[in-house]
Each structure stands twice: as structure tokens, then as C-alpha cells.
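Structure data (compact mmCIF, C-alpha atoms) from upload-v8.txt:
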# COMPACT_ATOMS: atom_id res chain seq x y z
CA MET L 1 -63.67 33.12 -40.31
CA LYS L 2 -66.07 33.35 -43.24
CA LYS L 3 -68.81 34.47 -40.86
CA ASN L 4 -66.49 37.08 -39.37
CA LYS L 5 -65.57 38.45 -42.79
CA LEU L 6 -69.23 38.68 -43.76
CA TYR L 7 -70.03 40.46 -40.49
CA ILE L 8 -67.24 42.99 -41.03
CA LEU L 9 -68.34 43.57 -44.64
CA ILE L 10 -71.92 44.17 -43.54
CA VAL L 11 -70.74 46.55 -40.83
CA ILE L 12 -68.67 48.55 -43.35
CA ILE L 13 -71.60 48.78 -45.79
CA PHE L 14 -73.86 49.89 -42.93
CA SER L 15 -71.32 52.54 -41.95
CA ILE L 16 -71.35 54.08 -45.44
CA PHE L 17 -75.12 54.46 -45.21
CA LEU L 18 -75.15 55.76 -41.65
CA THR L 19 -72.35 58.30 -41.90
CA SER L 20 -72.81 61.51 -43.80
CA CYS L 21 -69.69 63.19 -45.03
CA GLN L 22 -69.37 65.75 -47.77
CA THR L 23 -69.12 64.93 -51.46
CA ALA L 24 -65.89 63.44 -52.76
CA LYS L 25 -66.16 65.58 -55.88
CA GLU L 26 -65.42 68.80 -54.01
CA VAL L 27 -62.61 67.21 -52.01
CA PHE L 28 -60.66 65.80 -54.94
CA GLY L 29 -61.49 68.66 -57.28
CA GLY L 30 -58.90 70.91 -55.67
CA LYS L 31 -61.58 73.51 -55.18
CA LYS L 32 -60.78 76.15 -52.63
CA ARG L 33 -63.61 76.23 -50.12
CA SER L 34 -62.84 79.47 -48.38
CA GLU L 35 -63.65 82.71 -50.16
CA GLN L 36 -61.17 84.60 -48.02
CA GLY L 37 -57.96 85.61 -49.80
CA ASP L 38 -58.44 83.87 -53.10
CA GLU L 39 -55.11 84.19 -54.87
CA PHE L 40 -56.72 83.62 -58.26
CA LEU L 41 -58.64 86.88 -57.97
CA ILE L 42 -55.46 88.97 -57.72
CA GLU L 43 -54.54 90.42 -61.13
CA LYS L 44 -50.92 90.51 -62.20
CA LYS L 45 -49.80 93.92 -63.48
CA ASN L 46 -47.02 94.70 -65.95
CA PRO L 47 -43.80 96.20 -64.51
CA LEU L 48 -43.44 99.98 -64.57
CA ALA L 49 -41.68 101.36 -67.66
CA LEU L 50 -40.45 104.87 -68.67
CA PRO L 51 -41.95 106.55 -71.76
CA PRO L 52 -39.68 106.37 -74.87
CA ASP L 53 -38.97 110.20 -75.09
CA TYR L 54 -38.44 110.62 -71.36
CA ASP L 55 -34.89 112.02 -71.82
CA LYS L 56 -36.08 114.73 -74.21
CA LEU L 57 -38.49 116.26 -71.73
CA PRO L 58 -37.35 119.65 -70.32
CA THR L 59 -36.01 119.59 -66.82
CA PRO L 60 -37.23 122.18 -64.25
CA GLY L 61 -35.14 125.36 -64.27
CA ASN L 62 -34.02 124.85 -67.84
CA GLU L 63 -37.19 126.06 -69.53
CA LYS L 64 -35.61 128.69 -71.80
CA VAL L 65 -36.32 127.80 -75.35
CA SER L 66 -34.42 129.68 -78.05
CA PRO L 67 -36.56 131.19 -80.87
CA SER L 68 -34.25 129.67 -83.45
CA THR L 69 -35.64 126.22 -82.64
CA PHE L 70 -39.05 127.49 -83.77
CA SER L 71 -37.84 129.42 -86.77
CA GLU L 72 -35.97 126.46 -88.14
CA ASN L 73 -38.81 124.11 -87.49
CA ASN L 74 -40.83 124.15 -90.67
CA GLU L 75 -42.47 120.78 -90.23
CA VAL L 76 -45.85 122.27 -89.34
CA LYS L 77 -45.76 124.67 -92.21
CA ASP L 78 -44.84 121.92 -94.61
CA LEU L 79 -47.68 119.79 -93.33
CA LEU L 80 -50.23 122.61 -93.81
CA ASN L 81 -48.75 123.66 -97.18
CA ILE L 82 -48.43 127.26 -96.02
CA GLU L 83 -46.03 129.50 -97.87
CA GLU L 84 -44.75 132.81 -96.61
CA SER L 85 -45.64 134.55 -99.82
CA ASP L 86 -49.25 133.44 -99.47
CA SER L 87 -49.56 135.21 -96.20
CA ASN L 88 -48.26 138.38 -97.80
CA ASN L 89 -50.78 138.01 -100.62
CA ASP L 90 -53.54 137.51 -98.11
CA ASN L 91 -52.57 140.79 -96.45
CA ASP L 92 -52.65 142.59 -99.80
CA SER L 93 -56.02 141.15 -100.73
CA SER L 94 -57.49 142.07 -97.37
CA GLY L 95 -56.18 145.60 -97.93
CA ASP L 96 -57.92 145.78 -101.33
CA ILE L 97 -61.22 144.73 -99.83
CA GLU L 98 -60.90 147.36 -97.12
CA SER L 99 -60.18 150.16 -99.59
CA SER L 100 -63.07 149.09 -101.86
CA ILE L 101 -65.47 149.11 -98.91
CA ILE L 102 -64.24 152.57 -97.87
CA GLU L 103 -64.76 153.84 -101.41
CA LYS L 104 -68.31 152.52 -101.49
CA ILE L 105 -69.15 154.12 -98.19
CA GLN L 106 -67.78 157.50 -99.34
CA MET X 1 -82.65 38.37 -14.59
CA ILE X 2 -85.27 40.85 -15.76
CA ASN X 3 -83.68 43.48 -13.58
CA VAL X 4 -80.25 42.93 -15.18
CA LYS X 5 -81.78 43.07 -18.66
CA SER X 6 -83.72 46.25 -17.90
CA LYS X 7 -80.59 47.81 -16.42
CA LYS X 8 -78.66 47.06 -19.59
CA ILE X 9 -81.42 48.48 -21.75
CA PHE X 10 -81.33 51.62 -19.61
CA ILE X 11 -77.56 51.92 -20.18
CA TYR X 12 -77.98 51.41 -23.95
CA ILE X 13 -80.66 54.09 -24.09
CA ALA X 14 -78.40 56.43 -22.06
CA VAL X 15 -75.50 55.85 -24.48
CA VAL X 16 -77.74 56.47 -27.49
CA LEU X 17 -79.19 59.63 -25.94
CA LEU X 18 -75.74 60.93 -24.93
CA VAL X 19 -74.35 60.55 -28.46
CA PHE X 20 -77.52 62.00 -29.99
CA THR X 21 -77.47 64.99 -27.60
CA LEU X 22 -73.79 65.78 -28.21
CA ASP X 23 -74.41 65.67 -31.95
CA ARG X 24 -77.48 67.89 -31.66
CA ILE X 25 -75.66 70.45 -29.49
CA SER X 26 -72.80 70.73 -32.00
CA LYS X 27 -75.20 71.07 -34.93
CA SER X 28 -77.39 73.64 -33.16
CA ILE X 29 -74.29 75.78 -32.41
CA ILE X 30 -73.25 75.66 -36.06
CA LEU X 31 -76.78 76.43 -37.28
CA SER X 32 -77.06 79.37 -34.87
CA ILE X 33 -73.81 80.76 -36.35
CA LEU X 34 -75.38 80.28 -39.80
CA ASP X 35 -78.47 82.23 -38.69
CA ASP X 36 -76.35 85.09 -37.33
CA THR X 37 -73.74 85.47 -40.06
CA GLY X 38 -75.34 83.85 -43.11
CA LYS X 39 -72.51 81.34 -43.56
CA VAL X 40 -70.17 79.16 -41.53
CA ASP X 41 -66.53 79.48 -42.61
CA ILE X 42 -64.42 79.64 -39.47
CA TYR X 43 -60.65 79.23 -39.65
CA VAL X 44 -59.38 77.60 -36.45
CA ASN X 45 -55.84 76.59 -37.46
CA SER X 46 -53.96 75.35 -40.52
CA PHE X 47 -55.27 71.80 -40.03
CA PHE X 48 -58.78 72.37 -38.79
CA SER X 49 -61.59 74.70 -39.78
CA LEU X 50 -65.37 74.80 -39.64
CA PHE X 51 -67.12 74.98 -42.99
CA LEU X 52 -70.80 74.15 -43.33
CA VAL X 53 -72.02 72.01 -46.21
CA TRP X 54 -75.31 70.18 -46.58
CA ASN X 55 -75.17 66.55 -47.61
CA LYS X 56 -78.22 64.95 -49.15
CA GLY X 57 -76.52 61.64 -49.77
CA ILE X 58 -74.78 59.06 -47.63
CA GLY X 59 -71.15 58.56 -46.61
CA PHE X 60 -68.50 60.19 -48.85
CA GLY X 61 -71.25 62.17 -50.57
CA LEU X 62 -72.53 59.12 -52.44
CA PHE X 63 -76.08 59.23 -53.84
CA SER X 64 -76.29 63.01 -53.49
CA PHE X 65 -79.13 63.61 -55.89
CA ASP X 66 -81.90 66.18 -55.87
CA LYS X 67 -84.45 63.54 -56.83
CA SER X 68 -86.75 63.11 -53.86
CA SER X 69 -87.49 59.44 -54.68
CA ILE X 70 -83.79 58.50 -54.31
CA TYR X 71 -83.52 60.58 -51.14
CA ASN X 72 -86.58 58.94 -49.62
CA GLY X 73 -85.31 55.50 -50.65
CA ILE X 74 -81.97 56.09 -48.91
CA THR X 75 -83.76 57.41 -45.82
CA LEU X 76 -85.86 54.23 -45.77
CA ILE X 77 -82.73 52.05 -46.04
CA ILE X 78 -81.12 53.98 -43.15
CA LEU X 79 -84.28 53.50 -41.11
CA ILE X 80 -84.18 49.72 -41.78
CA ILE X 81 -80.47 49.58 -40.81
CA ASN X 82 -81.32 51.36 -37.56
CA LEU X 83 -84.04 48.81 -36.85
CA ILE X 84 -81.54 45.98 -37.52
CA ILE X 85 -79.09 47.60 -35.07
CA ILE X 86 -81.83 47.85 -32.42
CA TYR X 87 -82.61 44.18 -33.00
CA LEU X 88 -78.92 43.24 -32.66
CA ILE X 89 -78.61 45.28 -29.43
CA TYR X 90 -81.63 43.49 -28.04
CA LYS X 91 -80.51 40.04 -29.19
CA GLU X 92 -76.77 40.07 -28.54
CA ASN X 93 -75.36 39.85 -25.09
CA SER X 94 -71.76 40.97 -25.44
CA PRO X 95 -69.71 44.18 -25.06
CA LYS X 96 -70.22 44.70 -28.80
CA THR X 97 -73.71 46.00 -28.06
CA TYR X 98 -72.25 49.15 -26.50
CA PHE X 99 -70.51 49.89 -29.78
CA LEU X 100 -73.77 49.26 -31.59
CA ALA X 101 -75.46 51.73 -29.22
CA ILE X 102 -72.83 54.37 -30.07
CA ILE X 103 -73.42 53.75 -33.80
CA LEU X 104 -77.19 53.96 -33.25
CA GLY X 105 -76.88 57.30 -31.42
CA GLY X 106 -74.87 58.81 -34.25
CA SER X 107 -77.18 57.34 -36.84
CA PHE X 108 -80.21 58.83 -35.10
CA GLY X 109 -78.45 62.21 -35.16
CA ASN X 110 -78.02 62.11 -38.93
CA LEU X 111 -81.48 60.59 -39.48
CA PHE X 112 -83.08 63.43 -37.51
CA ASP X 113 -81.44 65.97 -39.87
CA ARG X 114 -82.49 63.99 -42.93
CA LEU X 115 -86.10 64.09 -41.78
CA TYR X 116 -86.12 67.65 -40.36
CA TYR X 117 -83.84 69.58 -42.77
CA ASN X 118 -83.92 67.18 -45.75
CA ALA X 119 -80.09 67.20 -45.63
CA VAL X 120 -77.35 66.55 -43.08
CA PRO X 121 -75.13 69.46 -42.02
CA ASP X 122 -71.40 68.64 -42.15
CA PHE X 123 -68.96 71.18 -40.79
CA ILE X 124 -65.69 69.63 -39.52
CA ASP X 125 -63.06 70.28 -42.17
CA LEU X 126 -59.65 68.66 -41.66
CA ASN X 127 -56.92 69.55 -44.11
CA TYR X 128 -53.21 69.23 -44.55
CA ASN X 129 -51.17 71.20 -47.03
CA GLY X 130 -54.23 72.08 -49.09
CA TYR X 131 -55.60 68.53 -49.16
CA HIS X 132 -59.00 68.29 -47.52
CA TRP X 133 -60.51 65.24 -45.93
CA PHE X 134 -64.25 64.71 -46.32
CA ILE X 135 -66.18 67.24 -44.26
CA PHE X 136 -68.00 65.42 -41.48
CA ASN X 137 -69.95 66.02 -38.28
CA VAL X 138 -69.95 64.80 -34.67
CA ALA X 139 -72.37 61.95 -35.43
CA ASP X 140 -69.94 60.65 -38.05
CA ILE X 141 -67.16 60.61 -35.46
CA PHE X 142 -69.24 58.42 -33.15
CA ILE X 143 -70.39 56.12 -35.96
CA THR X 144 -66.83 55.66 -37.24
CA PHE X 145 -65.54 55.07 -33.71
CA GLY X 146 -68.28 52.46 -33.12
CA ILE X 147 -67.60 50.72 -36.44
CA ILE X 148 -63.83 50.52 -35.84
CA CYS X 149 -64.38 49.18 -32.31
CA LEU X 150 -66.90 46.66 -33.67
CA ILE X 151 -64.45 45.40 -36.32
CA PHE X 152 -61.66 45.10 -33.76
CA ALA X 153 -63.99 43.32 -31.33
CA GLU X 154 -65.00 40.89 -34.06
CA LEU X 155 -61.37 40.19 -35.01
CA PHE X 156 -60.38 39.84 -31.37
CA ASN X 157 -63.29 37.49 -30.74
CA TYR X 158 -62.24 35.37 -33.76
CA LYS X 159 -58.67 34.99 -32.47
CA LYS X 160 -59.95 34.09 -29.01
CA ILE X 161 -62.16 31.29 -30.43
CA LYS X 162 -59.29 30.02 -32.60

If you convert what's in this file into C-alpha cells, what do you get?
Amino acid sequence: MKKNKLYILIVIIFSIFLTSCQTAKEVFGGKKRSEQGDEFLIEKKNPLALPPDYDKLPTPGNEKVSPSTFSENNEVKDLLNIEESDSNNDNDSSGDIESSIIEKIQ
Amino acid sequence: MINVKSKKIFIYIAVVLLVFTLDRISKSIILSILDDTGKVDIYVNSFFSLFLVWNKGIGFGLFSFDKSSIYNGITLIILIINLIIIYLIYKENSPKTYFLAIILGGSFGNLFDRLYYNAVPDFIDLNYNGYHWFIFNVADIFITFGIICLIFAELFNYKKIK
């Protein structure tokens, strides 16, 4: 029996040397061999969401905007520090310059 | 007596050549696919596919190093094992020698690749549920078959003597 066991052991050792199968590292590593359809390359995208002011947008056919909405909206003017009186002054000053130029020409 | 011996030797050589030829045909088909397409990655079914890898080592990818001295050393050991098998075929006079001839044919197939390509092409990929078995070739099938038969023959012979 001892001789048989030794013979079988030698045969198994021989077989490891004679066969040629691929590395164990790649097999147990869980590495995907095929490059076709690699699920890890597919990027996950965020779900679609509506913009926050979506309800405030004008709907088609309802595009009439009343002028009062503009007249009452002074936010832009406040931001730019523009006063109505200034604009009047500017008109007056521009008028003065015009008249002085006309005088010089005459 | 000489006639019987020479007849047996002829059969052994035929077995070795048959195994070697089958292995070479399979490898040449795979290598021709590699030449045409640049790679071999053929899906056959969910359990079986063809995927070419080159093995510089021995069974189970052991001793797969780029160092040429280790590679040459392993090739020398394989060559010595082949010579031992030839000696056993010549010396023994039992059905076991046919199994040894099958092993020798497969071993010659892999040895040829080791000497010609400096690596052995493996391409049979068996897998189940994402778990892959070691990729092997036709020569490996014959060697494994011969080894299993040899072990069974040895065990059977032991029981018979007992």
C-alpha cells in the first residue's frame, strides 16, 4: 500500500508539472475576463427633477403681461440707486450743454 | 516476442501522435482566430467560452515568472519527467502504459508550445454563475484523463493483489 501511495503521489506531482492551466490569481480574483458589456463602466445618473420656479413660468397663450407689474417693480432701480429726479436733472443738464454749444456756434 | 513488442511500441507511438495532433489542431485553430481578430474571446454558452491566455508556468498557473532562468528550469524538469514516462512505457508491461502514452502525448503538446512560443496557450474557459475554473487546453484534458485513469488502475491493482 505504501508503494501505491507513493506512486499516486508521484503521478499527481508529475501532473501539476505537465498540465498547463491559467493562473489561480485571475480565477479567484473575481476579475471579469470578457470586455463585452462591463456593468462597472455604466455610469449611474441622478433622477430627473423639475426646476424650483417651474410653476412661475408663463404658459403658452397667456403671455400678456400687465405694465403695472413693471411699474411697481422697483427692485432694479433700487439696486442701481437710480432716482427719478436724477433723470430729470440729467435732461436739464443736457439741455444746458446744447444751448451753450449753440451759442458758441452763433 | 520481438514482433509483439514492436507492435506495442507502434501502438504507443500512435496514441502519443494522436493526442499530440488533436492538441495541435485545436491550438492552431485558436491561434488562427487570434491572427485574424487580434484576440480570442468567444462566448459559446453560459457555461463554456473560449478565452485565450498564455501560461508561462505549470499547472494552476504556478511558477509563472518572467525570469527566463526559472522558465528554463521548469522546462528542463518537464523534459526529465517526459523521459521518465518514456522509460516507464518501455519498462512496464501492463494496460497502464496506454494511460502513460496519453499523458506523454499531452505533455509533448504543451512542451512544444513552451519551446516554440515560450508560453502555453490556454483557451477553454468553464464557468458557472460567474465562478471560473482554471482555463485549460486540449492537452490538459488528455493529461488529466490519463492521470485519473492511472490512479484508478493503481488502486484497482492494489485491491486485486490484496

Nearest residue to chain L from the set X:Ala153, X:Ile58, X:Leu100, X:Ile84 (distances using only C-alpha atoms):
X:Ile58

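The two atoms in question, CA of Ile13 in chain L and CA of Ile78 in chain X, are spaced 11.2 Å apart.
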
Could you pull the residues within 8 Å of range 47-50 of chain X, counting only C-alpha atoms, minus those fewer than 6 positions along the same chain, as a CSV table (one decimal) with C-alpha atoms, keeping the file's coordinate frame?
chain,number,residue,atom,x,y,z
X,40,VAL,CA,-70.2,79.2,-41.5
X,41,ASP,CA,-66.5,79.5,-42.6
X,123,PHE,CA,-69.0,71.2,-40.8
X,124,ILE,CA,-65.7,69.6,-39.5
X,125,ASP,CA,-63.1,70.3,-42.2
X,126,LEU,CA,-59.6,68.7,-41.7
X,127,ASN,CA,-56.9,69.6,-44.1
X,128,TYR,CA,-53.2,69.2,-44.6

Residues within 9 Å of range 16-22 of chain L, only C-alpha atoms, excluding chain neighbours under 5 positions, as an mmCIF file with C-alpha atoms, in the coordinates of the input:
data_model
loop_
_atom_site.group_PDB
_atom_site.id
_atom_site.type_symbol
_atom_site.label_atom_id
_atom_site.label_comp_id
_atom_site.auth_asym_id
_atom_site.auth_seq_id
_atom_site.Cartn_x
_atom_site.Cartn_y
_atom_site.Cartn_z
ATOM 1 C CA VAL L 11 -70.740 46.550 -40.830
ATOM 2 C CA VAL L 27 -62.610 67.210 -52.010
ATOM 3 C CA VAL X 53 -72.020 72.010 -46.210
ATOM 4 C CA TRP X 54 -75.310 70.180 -46.580
ATOM 5 C CA ASN X 55 -75.170 66.550 -47.610
ATOM 6 C CA LYS X 56 -78.220 64.950 -49.150
ATOM 7 C CA GLY X 57 -76.520 61.640 -49.770
ATOM 8 C CA ILE X 58 -74.780 59.060 -47.630
ATOM 9 C CA GLY X 59 -71.150 58.560 -46.610
ATOM 10 C CA PHE X 60 -68.500 60.190 -48.850
ATOM 11 C CA GLY X 61 -71.250 62.170 -50.570
ATOM 12 C CA LEU X 62 -72.530 59.120 -52.440
ATOM 13 C CA ILE X 74 -81.970 56.090 -48.910
ATOM 14 C CA ILE X 77 -82.730 52.050 -46.040
ATOM 15 C CA ILE X 78 -81.120 53.980 -43.150
ATOM 16 C CA ILE X 81 -80.470 49.580 -40.810
ATOM 17 C CA ASN X 82 -81.320 51.360 -37.560
ATOM 18 C CA ILE X 103 -73.420 53.750 -33.800
ATOM 19 C CA LEU X 104 -77.190 53.960 -33.250
ATOM 20 C CA GLY X 106 -74.870 58.810 -34.250
ATOM 21 C CA SER X 107 -77.180 57.340 -36.840
ATOM 22 C CA PHE X 108 -80.210 58.830 -35.100
ATOM 23 C CA ASN X 110 -78.020 62.110 -38.930
ATOM 24 C CA LEU X 111 -81.480 60.590 -39.480
ATOM 25 C CA VAL X 120 -77.350 66.550 -43.080
ATOM 26 C CA PRO X 121 -75.130 69.460 -42.020
ATOM 27 C CA ASP X 122 -71.400 68.640 -42.150
ATOM 28 C CA PHE X 123 -68.960 71.180 -40.790
ATOM 29 C CA PHE X 134 -64.250 64.710 -46.320
ATOM 30 C CA ILE X 135 -66.180 67.240 -44.260
ATOM 31 C CA PHE X 136 -68.000 65.420 -41.480
ATOM 32 C CA ASN X 137 -69.950 66.020 -38.280
ATOM 33 C CA ALA X 139 -72.370 61.950 -35.430
ATOM 34 C CA ASP X 140 -69.940 60.650 -38.050
ATOM 35 C CA ILE X 141 -67.160 60.610 -35.460
ATOM 36 C CA ILE X 143 -70.390 56.120 -35.960
ATOM 37 C CA THR X 144 -66.830 55.660 -37.240
#

Residues near range 8-22 of chain X, cut-off 6 Å, all atoms listed in the file, skip fewer than 5 positions along chain, as a ChimeraX atom specification
/X:101-102,105-106,109

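CA of Val138 in chain X sits 5.3 Å away from CA of Asp23 in chain X.
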
Have a look at CA of Asn118 in chain X and CA of Asp66 in chain X and let me know their distance in Å, one decimal.
10.4 Å

Repaired coordinates for range 78-113 of chain X (N, CA and C atoms) as a CSV table (one decimal), in the coordinates of the input:
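Heads up, here's the output in rebuild_23.csv:
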chain,number,residue,atom,x,y,z
X,78,ILE,N,-81.8,53.6,-44.4
X,78,ILE,CA,-81.1,54.0,-43.2
X,78,ILE,C,-82.0,53.6,-42.0
X,79,LEU,N,-83.3,53.8,-42.2
X,79,LEU,CA,-84.3,53.5,-41.1
X,79,LEU,C,-84.3,52.0,-40.8
X,80,ILE,N,-84.2,51.2,-41.9
X,80,ILE,CA,-84.2,49.7,-41.8
X,80,ILE,C,-82.9,49.3,-41.1
X,81,ILE,N,-81.8,49.9,-41.5
X,81,ILE,CA,-80.5,49.6,-40.8
X,81,ILE,C,-80.5,49.9,-39.3
X,82,ASN,N,-81.2,51.0,-39.0
X,82,ASN,CA,-81.3,51.4,-37.6
X,82,ASN,C,-82.1,50.3,-36.8
X,83,LEU,N,-83.2,49.8,-37.5
X,83,LEU,CA,-84.0,48.8,-36.8
X,83,LEU,C,-83.2,47.5,-36.6
X,84,ILE,N,-82.4,47.2,-37.6
X,84,ILE,CA,-81.5,46.0,-37.5
X,84,ILE,C,-80.6,46.1,-36.3
X,85,ILE,N,-80.0,47.3,-36.2
X,85,ILE,CA,-79.1,47.6,-35.1
X,85,ILE,C,-79.8,47.5,-33.7
X,86,ILE,N,-81.0,48.0,-33.7
X,86,ILE,CA,-81.8,47.8,-32.4
X,86,ILE,C,-82.1,46.4,-32.1
X,87,TYR,N,-82.4,45.6,-33.2
X,87,TYR,CA,-82.6,44.2,-33.0
X,87,TYR,C,-81.3,43.5,-32.5
X,88,LEU,N,-80.2,43.9,-33.1
X,88,LEU,CA,-78.9,43.2,-32.7
X,88,LEU,C,-78.6,43.6,-31.2
X,89,ILE,N,-78.9,44.9,-30.8
X,89,ILE,CA,-78.6,45.3,-29.4
X,89,ILE,C,-79.5,44.4,-28.5
X,90,TYR,N,-80.7,44.2,-28.9
X,90,TYR,CA,-81.6,43.5,-28.0
X,90,TYR,C,-81.2,42.0,-28.0
X,91,LYS,N,-80.8,41.5,-29.1
X,91,LYS,CA,-80.5,40.0,-29.2
X,91,LYS,C,-79.1,39.7,-28.6
X,92,GLU,N,-78.1,40.4,-29.0
X,92,GLU,CA,-76.8,40.1,-28.5
X,92,GLU,C,-76.5,40.4,-27.1
X,93,ASN,N,-75.7,39.6,-26.5
X,93,ASN,CA,-75.4,39.8,-25.1
X,93,ASN,C,-73.8,39.8,-24.9
X,94,SER,N,-73.2,40.9,-25.5
X,94,SER,CA,-71.8,41.0,-25.4
X,94,SER,C,-71.4,42.4,-25.4
X,95,PRO,N,-70.1,42.8,-25.1
X,95,PRO,CA,-69.7,44.2,-25.1
X,95,PRO,C,-69.9,44.9,-26.4
X,96,LYS,N,-70.0,44.1,-27.5
X,96,LYS,CA,-70.2,44.7,-28.8
X,96,LYS,C,-71.5,45.6,-28.9
X,97,THR,N,-72.4,45.3,-28.0
X,97,THR,CA,-73.7,46.0,-28.1
X,97,THR,C,-73.5,47.5,-27.7
X,98,TYR,N,-72.5,47.7,-26.8
X,98,TYR,CA,-72.2,49.2,-26.5
X,98,TYR,C,-71.8,49.9,-27.7
X,99,PHE,N,-71.0,49.2,-28.5
X,99,PHE,CA,-70.5,49.9,-29.8
X,99,PHE,C,-71.7,50.1,-30.7
X,100,LEU,N,-72.6,49.1,-30.7
X,100,LEU,CA,-73.8,49.3,-31.6
X,100,LEU,C,-74.6,50.4,-31.1
X,101,ALA,N,-74.7,50.6,-29.8
X,101,ALA,CA,-75.5,51.7,-29.2
X,101,ALA,C,-74.8,53.1,-29.6
X,102,ILE,N,-73.5,53.1,-29.6
X,102,ILE,CA,-72.8,54.4,-30.1
X,102,ILE,C,-73.2,54.7,-31.5
X,103,ILE,N,-73.1,53.6,-32.4
X,103,ILE,CA,-73.4,53.8,-33.8
X,103,ILE,C,-74.9,54.2,-34.0
X,104,LEU,N,-75.8,53.6,-33.2
X,104,LEU,CA,-77.2,54.0,-33.2
X,104,LEU,C,-77.4,55.4,-32.9
X,105,GLY,N,-76.7,55.9,-31.8
X,105,GLY,CA,-76.9,57.3,-31.4
X,105,GLY,C,-76.5,58.3,-32.5
X,106,GLY,N,-75.3,58.0,-33.1
X,106,GLY,CA,-74.9,58.8,-34.2
X,106,GLY,C,-75.8,58.7,-35.4
X,107,SER,N,-76.3,57.5,-35.7
X,107,SER,CA,-77.2,57.3,-36.8
X,107,SER,C,-78.5,58.1,-36.6
X,108,PHE,N,-79.0,58.1,-35.4
X,108,PHE,CA,-80.2,58.8,-35.1
X,108,PHE,C,-80.0,60.3,-35.3
X,109,GLY,N,-78.8,60.8,-35.0
X,109,GLY,CA,-78.4,62.2,-35.2
X,109,GLY,C,-78.5,62.6,-36.6
X,110,ASN,N,-78.0,61.8,-37.5
X,110,ASN,CA,-78.0,62.1,-38.9
X,110,ASN,C,-79.4,61.9,-39.5
X,111,LEU,N,-80.1,60.9,-39.0
X,111,LEU,CA,-81.5,60.6,-39.5
X,111,LEU,C,-82.4,61.7,-39.1
X,112,PHE,N,-82.3,62.3,-37.9
X,112,PHE,CA,-83.1,63.4,-37.5
X,112,PHE,C,-82.9,64.6,-38.5
X,113,ASP,N,-81.7,64.9,-38.9
X,113,ASP,CA,-81.4,66.0,-39.9
X,113,ASP,C,-82.0,65.7,-41.2
